[in-house]
$ cat entry.cif   # mmCIF, C-alpha atoms and all ligand atoms
data_data
#
loop_
_atom_site.label_atom_id
_atom_site.label_comp_id
_atom_site.auth_asym_id
_atom_site.auth_seq_id
_atom_site.Cartn_x
_atom_site.Cartn_y
_atom_site.Cartn_z
CA MET A 60 -51.14 22.92 21.23
CA ILE A 61 -49.12 22.15 18.10
CA VAL A 62 -49.24 25.03 15.61
CA ARG A 63 -48.91 23.86 12.01
CA LYS A 64 -47.13 26.19 9.61
CA SER A 65 -48.43 27.42 6.27
CA GLU A 66 -46.27 27.31 3.14
CA ARG A 67 -45.70 31.06 3.57
CA GLU A 68 -44.43 30.53 7.11
CA ILE A 69 -42.25 27.59 6.07
CA GLU A 70 -40.69 29.75 3.37
CA ILE A 71 -39.60 32.24 6.06
CA MET A 72 -38.33 29.40 8.27
CA ARG A 73 -36.22 28.15 5.33
CA LYS A 74 -34.46 31.52 5.36
CA ALA A 75 -33.85 31.34 9.11
CA GLY A 76 -32.62 27.76 8.58
CA ARG A 77 -30.19 28.85 5.87
CA ILE A 78 -28.53 31.34 8.23
CA VAL A 79 -28.23 28.66 10.94
CA ALA A 80 -26.79 26.10 8.49
CA ASP A 81 -24.23 28.56 7.11
CA ALA A 82 -23.21 29.63 10.61
CA LEU A 83 -22.60 25.99 11.59
CA ALA A 84 -20.66 25.35 8.38
CA MET A 85 -18.51 28.35 9.29
CA VAL A 86 -17.87 27.07 12.83
CA SER A 87 -16.66 23.70 11.47
CA GLU A 88 -14.08 25.62 9.45
CA VAL A 89 -12.78 27.85 12.25
CA ALA A 90 -13.01 25.63 15.35
CA ARG A 91 -9.54 24.21 15.96
CA GLU A 92 -6.94 23.76 18.70
CA GLY A 93 -6.12 27.08 20.38
CA VAL A 94 -9.34 28.87 19.40
CA SER A 95 -11.57 29.93 22.32
CA THR A 96 -15.31 29.29 22.42
CA GLU A 97 -15.74 33.04 22.97
CA ASP A 98 -14.03 33.62 19.57
CA LEU A 99 -16.54 31.25 17.99
CA ASN A 100 -19.43 33.04 19.67
CA THR A 101 -18.22 36.42 18.36
CA LYS A 102 -17.77 35.14 14.77
CA LEU A 103 -21.18 33.48 14.61
CA GLU A 104 -23.00 36.38 16.24
CA GLU A 105 -21.48 38.79 13.70
CA TYR A 106 -22.38 36.48 10.83
CA VAL A 107 -26.01 36.11 11.93
CA LEU A 108 -26.49 39.86 12.42
CA GLN A 109 -24.89 40.60 9.07
CA LYS A 110 -27.43 38.25 7.43
CA GLY A 111 -30.33 40.11 9.06
CA GLY A 112 -30.98 37.45 11.70
CA ILE A 113 -31.28 37.72 15.47
CA PRO A 114 -29.40 35.23 17.66
CA VAL A 115 -32.29 34.03 19.85
CA PHE A 116 -30.36 32.34 22.64
CA LYS A 117 -28.92 35.65 23.86
CA GLY A 118 -31.21 36.93 26.59
CA TYR A 119 -33.34 33.76 26.62
CA ARG A 120 -34.05 33.27 30.35
CA GLY A 121 -30.95 35.36 30.96
CA TYR A 122 -28.60 33.24 28.80
CA PRO A 123 -25.62 35.53 28.12
CA LYS A 124 -24.32 34.42 24.68
CA SER A 125 -25.45 33.80 21.11
CA ILE A 126 -24.35 30.16 20.87
CA CYS A 127 -23.95 27.22 23.20
CA ALA A 128 -20.50 25.60 23.08
CA SER A 129 -20.29 22.33 25.02
CA ILE A 130 -16.98 20.47 25.25
CA ASN A 131 -16.52 16.70 25.93
CA GLU A 132 -18.61 15.74 29.02
CA GLU A 133 -20.69 18.91 28.58
CA ILE A 134 -23.95 17.86 26.94
CA VAL A 135 -25.69 21.17 26.16
CA HIS A 136 -25.83 24.83 27.24
CA GLY A 137 -22.07 25.33 27.64
CA ILE A 138 -21.41 29.08 27.87
CA PRO A 139 -18.68 30.38 25.54
CA ASP A 140 -15.67 31.78 27.42
CA GLN A 141 -11.88 32.22 27.15
CA ARG A 142 -11.21 28.47 27.36
CA LYS A 143 -9.28 27.31 24.32
CA LEU A 144 -10.06 24.14 22.41
CA SER A 145 -7.52 21.30 22.70
CA ASN A 146 -6.54 18.52 20.34
CA GLY A 147 -8.84 15.54 20.95
CA ASP A 148 -11.82 17.55 22.22
CA ILE A 149 -15.31 17.14 20.85
CA LEU A 150 -17.24 20.41 20.67
CA SER A 151 -21.01 20.74 20.36
CA VAL A 152 -22.18 24.03 18.92
CA ASP A 153 -25.86 24.95 19.10
CA ILE A 154 -27.36 28.06 17.54
CA GLY A 155 -30.87 29.49 17.12
CA VAL A 156 -31.71 32.33 14.75
CA GLU A 157 -34.85 34.39 14.36
CA PHE A 158 -35.51 35.82 10.91
CA ASN A 159 -38.64 37.79 10.07
CA LYS A 160 -40.31 36.58 13.31
CA TYR A 161 -39.58 32.86 12.81
CA VAL A 162 -36.92 30.72 14.45
CA ALA A 163 -34.64 27.89 13.28
CA ASP A 164 -32.39 25.95 15.66
CA ALA A 165 -29.62 23.42 14.96
CA ALA A 166 -26.54 21.88 16.50
CA ILE A 167 -23.51 19.84 15.46
CA THR A 168 -20.69 18.15 17.33
CA ILE A 169 -17.29 18.55 15.75
CA PRO A 170 -13.94 16.86 16.33
CA ILE A 171 -10.99 19.08 17.26
CA GLY A 172 -7.82 17.63 15.71
CA GLU A 173 -7.36 13.90 16.23
CA ILE A 174 -10.07 12.35 18.45
CA SER A 175 -10.35 8.84 19.94
CA GLU A 176 -12.08 5.99 18.10
CA GLU A 177 -14.77 6.00 20.80
CA ALA A 178 -15.43 9.71 20.24
CA LYS A 179 -15.59 9.21 16.46
CA SER A 180 -18.13 6.46 16.93
CA LEU A 181 -20.19 8.59 19.34
CA LEU A 182 -20.42 11.44 16.81
CA ARG A 183 -21.32 9.10 13.94
CA VAL A 184 -24.04 7.36 15.94
CA CYS A 185 -25.54 10.63 17.17
CA GLU A 186 -25.70 12.14 13.67
CA GLU A 187 -27.07 8.92 12.19
CA SER A 188 -29.76 8.72 14.90
CA LEU A 189 -30.87 12.21 13.87
CA ASN A 190 -31.05 11.12 10.22
CA LYS A 191 -33.18 8.14 11.18
CA ALA A 192 -35.47 10.34 13.26
CA ILE A 193 -35.91 12.72 10.34
CA GLU A 194 -36.87 9.83 8.03
CA ASN A 195 -39.47 8.87 10.62
CA ALA A 196 -40.89 12.39 10.91
CA CYS A 197 -43.40 11.76 8.13
CA THR A 198 -47.13 12.31 7.99
CA ASN A 199 -49.23 9.69 9.78
CA ASN A 200 -46.31 8.44 11.84
CA LYS A 201 -46.49 9.25 15.54
CA LEU A 202 -44.21 11.38 17.61
CA SER A 203 -43.20 8.24 19.51
CA ASP A 204 -41.97 6.69 16.23
CA VAL A 205 -39.44 9.52 16.01
CA SER A 206 -38.35 9.04 19.64
CA ARG A 207 -38.17 5.26 19.24
CA SER A 208 -36.03 5.43 16.12
CA ILE A 209 -33.42 7.44 18.04
CA GLN A 210 -33.45 5.26 21.15
CA GLU A 211 -33.29 1.94 19.29
CA TYR A 212 -30.44 3.00 17.06
CA VAL A 213 -28.34 4.61 19.81
CA GLU A 214 -28.82 1.84 22.39
CA GLY A 215 -28.21 -0.78 19.69
CA LYS A 216 -24.78 0.79 19.23
CA GLY A 217 -24.06 0.57 22.96
CA PHE A 218 -24.49 4.26 23.83
CA ALA A 219 -27.11 5.88 26.09
CA VAL A 220 -29.73 8.54 25.37
CA ILE A 221 -29.94 11.60 27.62
CA ARG A 222 -33.40 11.70 29.22
CA ASP A 223 -33.50 15.03 31.01
CA TYR A 224 -33.65 17.20 27.86
CA THR A 225 -35.78 16.93 24.73
CA GLY A 226 -36.36 18.33 21.27
CA HIS A 227 -39.30 20.64 20.67
CA GLY A 228 -41.75 22.18 18.27
CA ILE A 229 -40.50 25.47 16.78
CA GLY A 230 -41.87 28.44 14.85
CA ARG A 231 -42.62 31.93 16.11
CA GLN A 232 -41.22 30.68 19.40
CA MET A 233 -37.98 28.73 19.81
CA HIS A 234 -39.81 26.28 22.07
CA GLU A 235 -43.32 25.25 21.05
CA ASP A 236 -45.31 22.06 21.57
CA PRO A 237 -44.70 19.19 21.32
CA GLN A 238 -41.77 18.10 23.46
CA ILE A 239 -39.76 15.49 21.56
CA PRO A 240 -38.04 13.03 23.90
CA ASN A 241 -35.24 10.92 22.48
CA PHE A 242 -36.61 7.79 24.16
CA VAL A 243 -40.03 6.20 24.59
CA SER A 244 -41.81 6.35 27.94
CA LYS A 245 -45.31 5.62 29.22
CA GLU A 246 -45.90 9.36 29.46
CA LEU A 247 -44.95 9.87 25.82
CA LEU A 248 -47.26 7.08 24.65
CA LYS A 249 -50.10 8.63 26.66
CA ALA A 250 -49.54 12.08 25.14
CA ASP A 251 -48.61 10.74 21.69
CA GLU A 252 -49.41 12.83 18.61
CA ILE A 253 -49.96 11.93 14.99
CA LEU A 254 -47.55 13.90 12.82
CA LEU A 255 -49.19 16.15 10.25
CA GLN A 256 -47.93 18.14 7.30
CA GLY A 257 -46.64 21.55 8.35
CA MET A 258 -45.56 20.65 11.88
CA ALA A 259 -42.14 22.21 12.47
CA LEU A 260 -39.90 20.25 14.83
CA ALA A 261 -36.43 20.73 16.29
CA ILE A 262 -35.21 17.15 16.70
CA GLU A 263 -32.11 16.91 18.85
CA PRO A 264 -30.62 13.63 20.05
CA MET A 265 -28.17 14.07 22.94
CA ILE A 266 -26.27 10.86 23.62
CA CYS A 267 -23.40 9.69 25.80
CA VAL A 268 -20.80 6.98 26.27
CA GLY A 269 -21.63 6.19 29.91
CA LYS A 270 -24.80 6.61 32.01
CA TYR A 271 -27.53 9.06 31.02
CA ASP A 272 -27.70 10.91 34.35
CA THR A 273 -27.03 14.64 34.13
CA GLU A 274 -25.98 17.49 36.39
CA VAL A 275 -26.05 21.28 35.95
CA LEU A 276 -22.82 23.12 36.83
CA GLY A 277 -22.57 26.06 39.27
CA ASN A 278 -23.00 28.59 36.44
CA LYS A 279 -26.66 27.39 36.36
CA TRP A 280 -26.48 26.55 32.63
CA THR A 281 -23.88 24.00 31.59
CA VAL A 282 -25.32 20.47 31.60
CA VAL A 283 -22.77 17.66 32.04
CA THR A 284 -22.91 13.89 32.34
CA LYS A 285 -22.74 12.89 36.02
CA ASP A 286 -20.02 10.36 35.25
CA ARG A 287 -18.14 13.02 33.21
CA LYS A 288 -17.94 10.74 30.18
CA LEU A 289 -18.26 12.07 26.62
CA SER A 290 -21.52 13.33 25.18
CA ALA A 291 -22.62 14.46 21.70
CA HIS A 292 -25.52 16.52 20.32
CA PHE A 293 -26.90 16.98 16.80
CA GLU A 294 -30.02 18.97 15.95
CA HIS A 295 -32.00 19.99 12.88
CA THR A 296 -35.15 22.03 12.42
CA VAL A 297 -37.44 20.11 10.06
CA VAL A 298 -40.97 20.29 8.68
CA VAL A 299 -43.11 17.16 8.57
CA ALA A 300 -43.89 16.10 5.01
CA GLU A 301 -45.24 13.02 3.31
CA ASN A 302 -41.97 11.16 2.70
CA GLY A 303 -39.96 12.01 5.79
CA ALA A 304 -39.32 15.58 6.81
CA GLU A 305 -37.82 18.52 4.97
CA ILE A 306 -34.66 19.71 6.72
CA LEU A 307 -34.57 23.50 7.04
CA THR A 308 -31.11 23.79 8.61
CA ILE A 309 -29.02 22.09 5.94
N1 LIG B 401 -31.06 24.93 21.35
C1 LIG B 401 -31.50 24.83 22.70
C2 LIG B 401 -32.81 24.10 22.69
O1 LIG B 401 -33.12 23.51 21.72
C3 LIG B 401 -31.68 26.13 23.35
C4 LIG B 401 -30.52 26.62 24.05
S1 LIG B 401 -30.97 27.32 25.53
C5 LIG B 401 -30.43 28.89 25.49
O2 LIG B 401 -33.54 24.09 23.62
F1 LIG B 401 -30.66 29.42 26.61
F2 LIG B 401 -29.19 28.88 25.18
F3 LIG B 401 -31.08 29.53 24.58
CO CO B 402 -33.41 23.03 20.17
#

$ encode --input "entry.cif" --output "structure tokens"
Amino acid sequence: MIVRKSEREIEIMRKAGRIVADALAMVSEVAREGVSTEDLNTKLEEYVLQKGGIPVFKGYRGYPKSICASINEEIVHGIPDQRKLSNGDILSVDIGVEFNKYVADAAITIPIGEISEEAKSLLRVCEESLNKAIENACTNNKLSDVSRSIQEYVEGKGFAVIRDYTGHGIGRQMHEDPQIPNFVSKELLKADEILLQGMALAIEPMICVGKYDTEVLGNKWTVVTKDRKLSAHFEHTVVVAENGAEILTI
């Protein structure tokens, strides 16, 4: 069941979204060669707590950290550790924050130093596919229009869309209905939903250079591409409105 949010609830989610956006802006400043993903986790966790937020990933199904930090072929759910970033890496950082009982969730992929032309293109296409999806998240469009806009754009640029993980509704819970796949399938068309004002969605294209098949590493969390080629991830929490969606995590 999709729970629509009232203006009062959206106002609280804007505050959660502000903390998430500022935390991600901070990580773009401090993530550079030689910095460990554990350092980034510590900085962002401190920032969120200082703003009165709760990092919601920590403890979620036993997840041990406040952010996900996924490097290169890691798609999502990389666990921060002592590993230091290297020149040429691409780093996806994902963070969810609860504020006053409501959650906002966003992710960005950032270049570390000088990255390859292919990596630059992957990041641009992933971010642009998210922008297109957000434009399509308007009232009276369908959920599948959002998914299709991502798939068509990404595949048109010669990249692949990850199929094993999706975006999601969001609100009091980090994960609410509906699931938001980044591609169109028969199942999606069967369960399609008309988008209505006040639906809060975490839209999150995950894309890759090679094949879309995934694998989970031995730590039971980190998702990688099977072919170990590069992957990128961008995410915003948005609210469906008449002319596209309002972005809460910007
Ligand atoms: N941001 C992720 C999502 O949208 C959640 C990370 S999983 C966690 O599903 F365990 F780290 F919380
Ligand atoms: Co999410």

$ residues_around --input "entry.cif" --residues "A:Glu235" --least-positions-apart "4" --cutoff "12 Å" --atoms "only C-alpha atoms" --output "list in words"
Met60, Ile61, Val62, Arg63, Tyr161, Val162, Ala163, Thr225, Gly226, His227, Gly228, Ile229, Gly230, Arg231, Ile239, Met258, Ala259, Leu260 and Ala261 of chain A

$ closest_residue --input "entry.cif" --among "A:Gly118, A:Gly215, A:Gly137, A:Gly112" --to "A:Val282" --atoms "only C-alpha atoms"
A:Gly137

$ closest_atom_pairs --input "entry.cif" --of "chain A" --to "ligand LIG 401 (chain B)" --cutoff "7 Å" --atoms "only C-alpha atoms and all ligand atoms" --output "tab-separated table"
residue	atom	partner	partner_atom	distance
A:Val115	CA	B:LIG401	F3	6.6
A:Phe116	CA	B:LIG401	F3	3.5
A:Lys117	CA	B:LIG401	F3	6.5
A:Tyr119	CA	B:LIG401	F1	5.1
A:Arg120	CA	B:LIG401	F1	6.3
A:Tyr122	CA	B:LIG401	F1	4.9
A:Ile126	CA	B:LIG401	F2	6.6
A:Cys127	CA	B:LIG401	F2	5.8
A:His136	CA	B:LIG401	F2	5.7
A:Asp153	CA	B:LIG401	N1	5.7
A:Ile154	CA	B:LIG401	N1	6.2
A:Gly155	CA	B:LIG401	N1	6.2
A:Asp164	CA	B:LIG401	N1	5.9
A:Ala165	CA	B:LIG401	N1	6.7
A:Gly226	CA	B:LIG401	O1	6.1
A:His227	CA	B:LIG401	O1	6.9
A:His234	CA	B:LIG401	O2	6.8
A:Ala261	CA	B:LIG401	O1	6.9

$ residues_around --input "entry.cif" --residues "A:Gly121" --least-positions-apart "6" --cutoff "12 Å" --atoms "all atoms listed in the file" --output "MDAnalysis selection string"
chainID A and resid 115 138 278:280

$ closest_residue --input "entry.cif" --among "A:Ala300, A:Gly257, A:Ser290, A:Ser125" --to "A:Glu66" --atoms "only C-alpha atoms"
A:Gly257

$ atom_distance --input "entry.cif" --atom1 "atom CA of A:Leu202" --atom2 "atom CA of A:Glu252"
5.5 Å

$ residues_around --input "entry.cif" --residues "A:Ala166" --least-positions-apart "6" --cutoff "10 Å" --atoms "all atoms listed in the file" --output "PDB file with C-alpha atoms, in the coordinates of the input"
ATOM      1  CA  VAL A  79     -28.230  28.660  10.940  1.00  0.00           C
ATOM      2  CA  ALA A  80     -26.790  26.100   8.490  1.00  0.00           C
ATOM      3  CA  LEU A  83     -22.600  25.990  11.590  1.00  0.00           C
ATOM      4  CA  ILE A 126     -24.350  30.160  20.870  1.00  0.00           C
ATOM      5  CA  CYS A 127     -23.950  27.220  23.200  1.00  0.00           C
ATOM      6  CA  ALA A 128     -20.500  25.600  23.080  1.00  0.00           C
ATOM      7  CA  VAL A 135     -25.690  21.170  26.160  1.00  0.00           C
ATOM      8  CA  SER A 151     -21.010  20.740  20.360  1.00  0.00           C
ATOM      9  CA  VAL A 152     -22.180  24.030  18.920  1.00  0.00           C
ATOM     10  CA  ASP A 153     -25.860  24.950  19.100  1.00  0.00           C
ATOM     11  CA  ILE A 154     -27.360  28.060  17.540  1.00  0.00           C
ATOM     12  CA  GLY A 155     -30.870  29.490  17.120  1.00  0.00           C
ATOM     13  CA  ALA A 261     -36.430  20.730  16.290  1.00  0.00           C
ATOM     14  CA  ILE A 262     -35.210  17.150  16.700  1.00  0.00           C
ATOM     15  CA  GLU A 263     -32.110  16.910  18.850  1.00  0.00           C
ATOM     16  CA  PRO A 264     -30.620  13.630  20.050  1.00  0.00           C
ATOM     17  CA  ALA A 291     -22.620  14.460  21.700  1.00  0.00           C
ATOM     18  CA  HIS A 292     -25.520  16.520  20.320  1.00  0.00           C
ATOM     19  CA  PHE A 293     -26.900  16.980  16.800  1.00  0.00           C
ATOM     20  CA  GLU A 294     -30.020  18.970  15.950  1.00  0.00           C
ATOM     21  CA  HIS A 295     -32.000  19.990  12.880  1.00  0.00           C
ATOM     22  CA  THR A 296     -35.150  22.030  12.420  1.00  0.00           C
ATOM     23  CA  THR A 308     -31.110  23.790   8.610  1.00  0.00           C
TER      24      THR A 308
END

$ atom_distance --input "entry.cif" --atom1 "atom CA of A:Met72" --atom2 "atom CA of A:Ile309"
12.1 Å

$ residues_around --input "entry.cif" --residues "stretch 88-92 of chain A" --least-positions-apart "5" --cutoff "10 Å" --atoms "all atoms listed in the file" --output "list in words"
Leu83, Asp98, Leu99, Lys102, Lys143, Leu144, Ser145, Asn146, Gly147, Asp148, Leu150, Val152, Ile169, Pro170, Ile171 and Gly172 of chain A

$ axis_aligned_box --input "entry.cif" --around "stretch 259-263 of chain A" --padding-each-side "5 Å" --output "JSON"
{"center_x": -37.1, "center_y": 19.6, "center_z": 15.7, "size_x": 20.0, "size_y": 15.3, "size_z": 16.4}

$ closest_residue --input "entry.cif" --among "A:Gln232, A:Ala84, A:Gly111, A:Asp272" --to "A:Asn159" --atoms "all atoms listed in the file"
A:Gly111

$ build_atoms --input "entry.cif" --residues "stretch 296-307 of chain A" --atoms "N, CA, C and O atoms" --output "short mmCIF file (atom, residue, chain, number, x, y, z; two decimals), in the frame of the given file"
data_model
loop_
_atom_site.label_atom_id
_atom_site.label_comp_id
_atom_site.auth_asym_id
_atom_site.auth_seq_id
_atom_site.Cartn_x
_atom_site.Cartn_y
_atom_site.Cartn_z
N THR A 296 -33.76 21.60 12.50
CA THR A 296 -35.15 22.03 12.42
C THR A 296 -35.72 21.48 11.12
O THR A 296 -35.13 21.66 10.06
N VAL A 297 -36.85 20.77 11.23
CA VAL A 297 -37.44 20.11 10.06
C VAL A 297 -38.94 20.41 10.01
O VAL A 297 -39.53 20.83 10.99
N VAL A 298 -39.51 20.18 8.82
CA VAL A 298 -40.97 20.29 8.68
C VAL A 298 -41.50 18.94 8.22
O VAL A 298 -40.97 18.36 7.26
N VAL A 299 -42.52 18.46 8.91
CA VAL A 299 -43.11 17.16 8.57
C VAL A 299 -43.71 17.21 7.16
O VAL A 299 -44.43 18.15 6.81
N ALA A 300 -43.35 16.22 6.37
CA ALA A 300 -43.89 16.10 5.01
C ALA A 300 -44.18 14.63 4.76
O ALA A 300 -43.90 13.78 5.62
N GLU A 301 -44.72 14.36 3.56
CA GLU A 301 -45.24 13.02 3.31
C GLU A 301 -44.17 11.92 3.35
O GLU A 301 -44.37 10.87 3.94
N ASN A 302 -43.03 12.18 2.72
CA ASN A 302 -41.97 11.16 2.70
C ASN A 302 -40.82 11.60 3.59
O ASN A 302 -39.78 12.02 3.10
N GLY A 303 -41.00 11.52 4.89
CA GLY A 303 -39.96 12.01 5.79
C GLY A 303 -40.12 13.51 5.93
O GLY A 303 -41.10 14.08 5.45
N ALA A 304 -39.17 14.14 6.58
CA ALA A 304 -39.32 15.58 6.81
C ALA A 304 -38.38 16.35 5.92
O ALA A 304 -37.35 15.84 5.48
N GLU A 305 -38.73 17.60 5.68
CA GLU A 305 -37.82 18.52 4.97
C GLU A 305 -36.91 19.17 6.02
O GLU A 305 -37.39 19.72 7.00
N ILE A 306 -35.62 19.12 5.78
CA ILE A 306 -34.66 19.71 6.72
C ILE A 306 -34.47 21.19 6.35
O ILE A 306 -34.12 21.51 5.20
N LEU A 307 -34.69 22.07 7.31
CA LEU A 307 -34.57 23.50 7.04
C LEU A 307 -33.18 24.05 7.36
O LEU A 307 -32.84 25.14 6.95
#
